[in-house]
>>> print(open('structure.cif').read())   # mmCIF, C-alpha atoms
data_input
loop_
_atom_site.label_atom_id
_atom_site.label_comp_id
_atom_site.auth_asym_id
_atom_site.auth_seq_id
_atom_site.Cartn_x
_atom_site.Cartn_y
_atom_site.Cartn_z
CA MET A 364 100.77 110.46 121.79
CA MET A 365 97.28 111.61 120.82
CA TYR A 366 96.43 112.47 117.23
CA HIS A 367 95.43 116.07 116.72
CA PRO A 368 93.49 117.03 113.55
CA ALA A 369 95.82 119.96 112.88
CA MET A 370 98.89 117.69 112.98
CA ARG A 371 100.22 116.62 109.61
CA LYS A 372 102.61 113.89 108.67
CA ILE A 373 105.28 114.51 106.12
CA PHE A 374 106.82 111.72 104.12
CA THR A 375 110.01 112.17 102.15
CA TYR A 376 111.27 109.76 99.55
CA LYS A 377 114.50 109.54 97.65
CA LEU A 378 114.35 108.39 94.05
CA TYR A 379 117.59 106.70 93.16
CA HIS A 380 118.94 106.82 89.62
CA ALA A 381 118.30 103.31 88.38
CA LYS A 382 117.08 101.98 85.07
CA ARG A 383 113.89 100.65 86.64
CA ASN A 384 112.98 104.15 87.91
CA VAL A 385 113.18 105.94 84.55
CA LEU A 386 109.42 105.79 83.90
CA LEU A 387 108.59 106.84 87.46
CA HIS A 388 111.03 109.76 87.25
CA HIS A 389 109.46 110.83 83.94
CA GLN A 390 105.94 110.70 85.41
CA ILE A 391 106.97 112.77 88.43
CA ASN A 392 108.55 115.41 86.16
CA ILE A 393 105.45 115.62 83.97
CA GLY A 394 103.25 115.91 87.06
CA GLY A 395 105.33 118.85 88.31
CA ILE A 396 105.24 120.56 84.92
CA ILE A 397 101.44 120.22 84.70
CA HIS A 398 101.03 121.44 88.29
CA ASN A 399 103.09 124.57 87.57
CA HIS A 400 101.18 125.10 84.32
CA ALA A 401 97.84 124.95 86.20
CA ILE A 402 99.05 127.51 88.75
CA ALA A 403 100.19 129.87 85.99
CA LEU A 404 96.87 129.35 84.18
CA HIS A 405 94.93 130.28 87.34
CA LYS A 406 96.98 133.46 87.74
CA ARG A 407 96.54 134.49 84.08
CA TYR A 408 92.80 133.77 84.15
CA TYR A 409 92.32 135.84 87.32
CA ARG A 410 94.36 138.73 85.89
CA MET A 411 92.36 138.72 82.66
CA TYR A 412 88.81 138.15 83.94
CA GLY A 413 88.94 138.92 87.67
CA LYS A 414 87.38 135.50 88.41
CA TYR A 415 88.73 132.14 89.40
CA LEU A 416 88.99 129.28 86.93
CA SER A 417 86.32 126.63 87.50
CA PRO A 418 87.47 123.08 88.26
CA ALA A 419 85.56 121.77 85.22
CA ARG A 420 87.40 124.12 82.83
CA LEU A 421 90.73 123.24 84.44
CA LYS A 422 90.03 119.50 84.05
CA ALA A 423 89.09 120.03 80.40
CA HIS A 424 92.31 121.95 79.83
CA ILE A 425 94.43 119.24 81.46
CA ALA A 426 92.66 116.61 79.33
CA LYS A 427 93.77 118.57 76.24
CA LEU A 428 97.32 118.74 77.58
CA LYS A 429 97.42 114.95 77.98
CA LYS A 430 96.95 114.56 74.23
CA LEU A 431 99.95 116.72 73.34
CA PRO A 432 103.06 114.78 72.27
CA LYS A 433 105.10 116.63 74.90
CA TYR A 434 103.16 114.95 77.73
CA VAL A 435 102.53 111.52 76.23
CA GLN A 436 104.64 108.74 77.75
#
>>> encode(input="structure.cif", output="structure tokens")
Amino acid sequence: MMYHPAMRKIFTYKLYHAKRNVLLHHQINIGGIIHNHAIALHKRYYRMYGKYLSPARLKAHIAKLKKLPKYVQ
């Protein structure tokens, strides 16, 4: 089978509920929360200013989020 550039591979993983996976599960949840927050931020910024949020401003905002107690591990 030849590889085609438009073909994509999809990997699925199952995270079992075990004590050793608690930290990993927590990191995955925080990553999802921050991802959804960034999408909502992009939408709000575009609605307010009619422009897209620059990657530098988004990175600065995420750096501020990392310091909040809610996202600290």
>>> atom_distance(input="structure.cif", atom1="atom CA of Lys372 of chain A", atom2="atom CA of Ile391 of chain A")
20.7 Å
>>> closest_residue(input="structure.cif", among="A:Lys430, A:Ile425, A:Tyr415, A:Tyr408", to="Ile396 of chain A", atoms="only C-alpha atoms")
A:Ile425
>>> closest_residue(input="structure.cif", among="A:Ile393, A:Leu428, A:Ile402, A:Val385", to="Leu416 of chain A", atoms="all atoms listed in the file")
A:Ile402
>>> atom_distance(input="structure.cif", atom1="atom CA of Ala419 of chain A", atom2="atom CA of Leu404 of chain A")
13.7 Å
>>> residues_around(input="structure.cif", residues="Gly394 of chain A", least_positions_apart="5", cutoff="12 Å", atoms="all atoms listed in the file", output="MDAnalysis selection string")
chainID A and resid 387:389 399:401 425 428:429 434:436
>>> decode(input="structure.cif", residues="segment 370-409 of chain A", atoms="N, CA and C atoms", output="tab-separated table (two decimals), in the first residue's frame")
chain	number	residue	atom	x	y	z
A	370	MET	N	-3.71	11.00	3.18
A	370	MET	CA	-4.14	9.97	4.11
A	370	MET	C	-3.67	10.29	5.52
A	371	ARG	N	-4.53	10.10	6.47
A	371	ARG	CA	-4.17	10.36	7.86
A	371	ARG	C	-4.38	9.11	8.69
A	372	LYS	N	-3.53	8.96	9.68
A	372	LYS	CA	-3.68	7.84	10.60
A	372	LYS	C	-4.35	8.34	11.86
A	373	ILE	N	-5.19	7.53	12.39
A	373	ILE	CA	-5.87	7.88	13.63
A	373	ILE	C	-5.51	6.84	14.68
A	374	PHE	N	-5.08	7.32	15.82
A	374	PHE	CA	-4.75	6.44	16.93
A	374	PHE	C	-5.76	6.67	18.05
A	375	THR	N	-6.27	5.62	18.61
A	375	THR	CA	-7.17	5.74	19.74
A	375	THR	C	-6.55	5.00	20.92
A	376	TYR	N	-6.70	5.59	22.08
A	376	TYR	CA	-6.15	5.02	23.29
A	376	TYR	C	-7.23	4.97	24.35
A	377	LYS	N	-7.15	3.99	25.20
A	377	LYS	CA	-8.08	3.89	26.30
A	377	LYS	C	-7.30	4.08	27.59
A	378	LEU	N	-7.75	5.01	28.40
A	378	LEU	CA	-7.09	5.29	29.66
A	378	LEU	C	-7.87	4.59	30.77
A	379	TYR	N	-7.27	3.55	31.31
A	379	TYR	CA	-7.93	2.79	32.35
A	379	TYR	C	-7.85	3.53	33.68
A	380	HIS	N	-8.85	3.30	34.52
A	380	HIS	CA	-8.87	3.92	35.84
A	380	HIS	C	-7.96	3.14	36.78
A	381	ALA	N	-6.76	3.65	36.94
A	381	ALA	CA	-5.79	3.04	37.84
A	381	ALA	C	-5.12	4.17	38.61
A	382	LYS	N	-4.60	3.85	39.75
A	382	LYS	CA	-3.96	4.87	40.59
A	382	LYS	C	-2.78	5.52	39.87
A	383	ARG	N	-2.05	4.74	39.08
A	383	ARG	CA	-0.87	5.29	38.41
A	383	ARG	C	-1.23	6.25	37.27
A	384	ASN	N	-2.50	6.26	36.85
A	384	ASN	CA	-2.93	7.12	35.75
A	384	ASN	C	-3.62	8.40	36.21
A	385	VAL	N	-3.66	8.65	37.50
A	385	VAL	CA	-4.39	9.81	38.03
A	385	VAL	C	-3.78	11.10	37.49
A	386	LEU	N	-2.46	11.24	37.54
A	386	LEU	CA	-1.80	12.45	37.07
A	386	LEU	C	-2.00	12.64	35.57
A	387	LEU	N	-1.88	11.57	34.82
A	387	LEU	CA	-2.08	11.63	33.37
A	387	LEU	C	-3.51	12.05	33.04
A	388	HIS	N	-4.47	11.48	33.73
A	388	HIS	CA	-5.88	11.83	33.53
A	388	HIS	C	-6.11	13.30	33.83
A	389	HIS	N	-5.50	13.80	34.90
A	389	HIS	CA	-5.63	15.20	35.29
A	389	HIS	C	-5.03	16.12	34.21
A	390	GLN	N	-3.87	15.76	33.68
A	390	GLN	CA	-3.23	16.56	32.64
A	390	GLN	C	-4.06	16.59	31.36
A	391	ILE	N	-4.66	15.48	31.00
A	391	ILE	CA	-5.50	15.42	29.81
A	391	ILE	C	-6.73	16.31	30.00
A	392	ASN	N	-7.34	16.27	31.19
A	392	ASN	CA	-8.50	17.12	31.46
A	392	ASN	C	-8.14	18.59	31.38
A	393	ILE	N	-7.03	18.99	31.98
A	393	ILE	CA	-6.61	20.39	31.93
A	393	ILE	C	-6.32	20.81	30.50
A	394	GLY	N	-5.69	19.95	29.73
A	394	GLY	CA	-5.42	20.26	28.32
A	394	GLY	C	-6.69	20.50	27.54
A	395	GLY	N	-7.72	19.71	27.78
A	395	GLY	CA	-9.01	19.90	27.11
A	395	GLY	C	-9.68	21.19	27.53
A	396	ILE	N	-9.60	21.51	28.81
A	396	ILE	CA	-10.21	22.74	29.32
A	396	ILE	C	-9.52	23.96	28.70
A	397	ILE	N	-8.19	23.95	28.63
A	397	ILE	CA	-7.46	25.07	28.05
A	397	ILE	C	-7.73	25.18	26.55
A	398	HIS	N	-7.83	24.06	25.87
A	398	HIS	CA	-8.14	24.07	24.44
A	398	HIS	C	-9.51	24.70	24.19
A	399	ASN	N	-10.52	24.31	24.96
A	399	ASN	CA	-11.85	24.89	24.81
A	399	ASN	C	-11.85	26.37	25.16
A	400	HIS	N	-11.07	26.75	26.18
A	400	HIS	CA	-10.96	28.15	26.57
A	400	HIS	C	-10.35	28.98	25.43
A	401	ALA	N	-9.33	28.44	24.76
A	401	ALA	CA	-8.68	29.15	23.66
A	401	ALA	C	-9.64	29.34	22.49
A	402	ILE	N	-10.44	28.32	22.20
A	402	ILE	CA	-11.42	28.44	21.12
A	402	ILE	C	-12.45	29.51	21.45
A	403	ALA	N	-12.96	29.51	22.68
A	403	ALA	CA	-13.93	30.52	23.09
A	403	ALA	C	-13.31	31.92	23.05
A	404	LEU	N	-12.05	32.02	23.44
A	404	LEU	CA	-11.35	33.31	23.42
A	404	LEU	C	-11.23	33.83	21.99
A	405	HIS	N	-10.88	32.95	21.04
A	405	HIS	CA	-10.80	33.34	19.63
A	405	HIS	C	-12.14	33.87	19.15
A	406	LYS	N	-13.22	33.18	19.48
A	406	LYS	CA	-14.55	33.60	19.04
A	406	LYS	C	-14.93	34.96	19.62
A	407	ARG	N	-14.68	35.14	20.93
A	407	ARG	CA	-15.00	36.43	21.57
A	407	ARG	C	-14.18	37.56	20.96
A	408	TYR	N	-12.90	37.32	20.75
A	408	TYR	CA	-12.01	38.35	20.21
A	408	TYR	C	-12.47	38.76	18.81
A	409	TYR	N	-12.83	37.78	17.99
A	409	TYR	CA	-13.29	38.08	16.63
A	409	TYR	C	-14.60	38.85	16.65
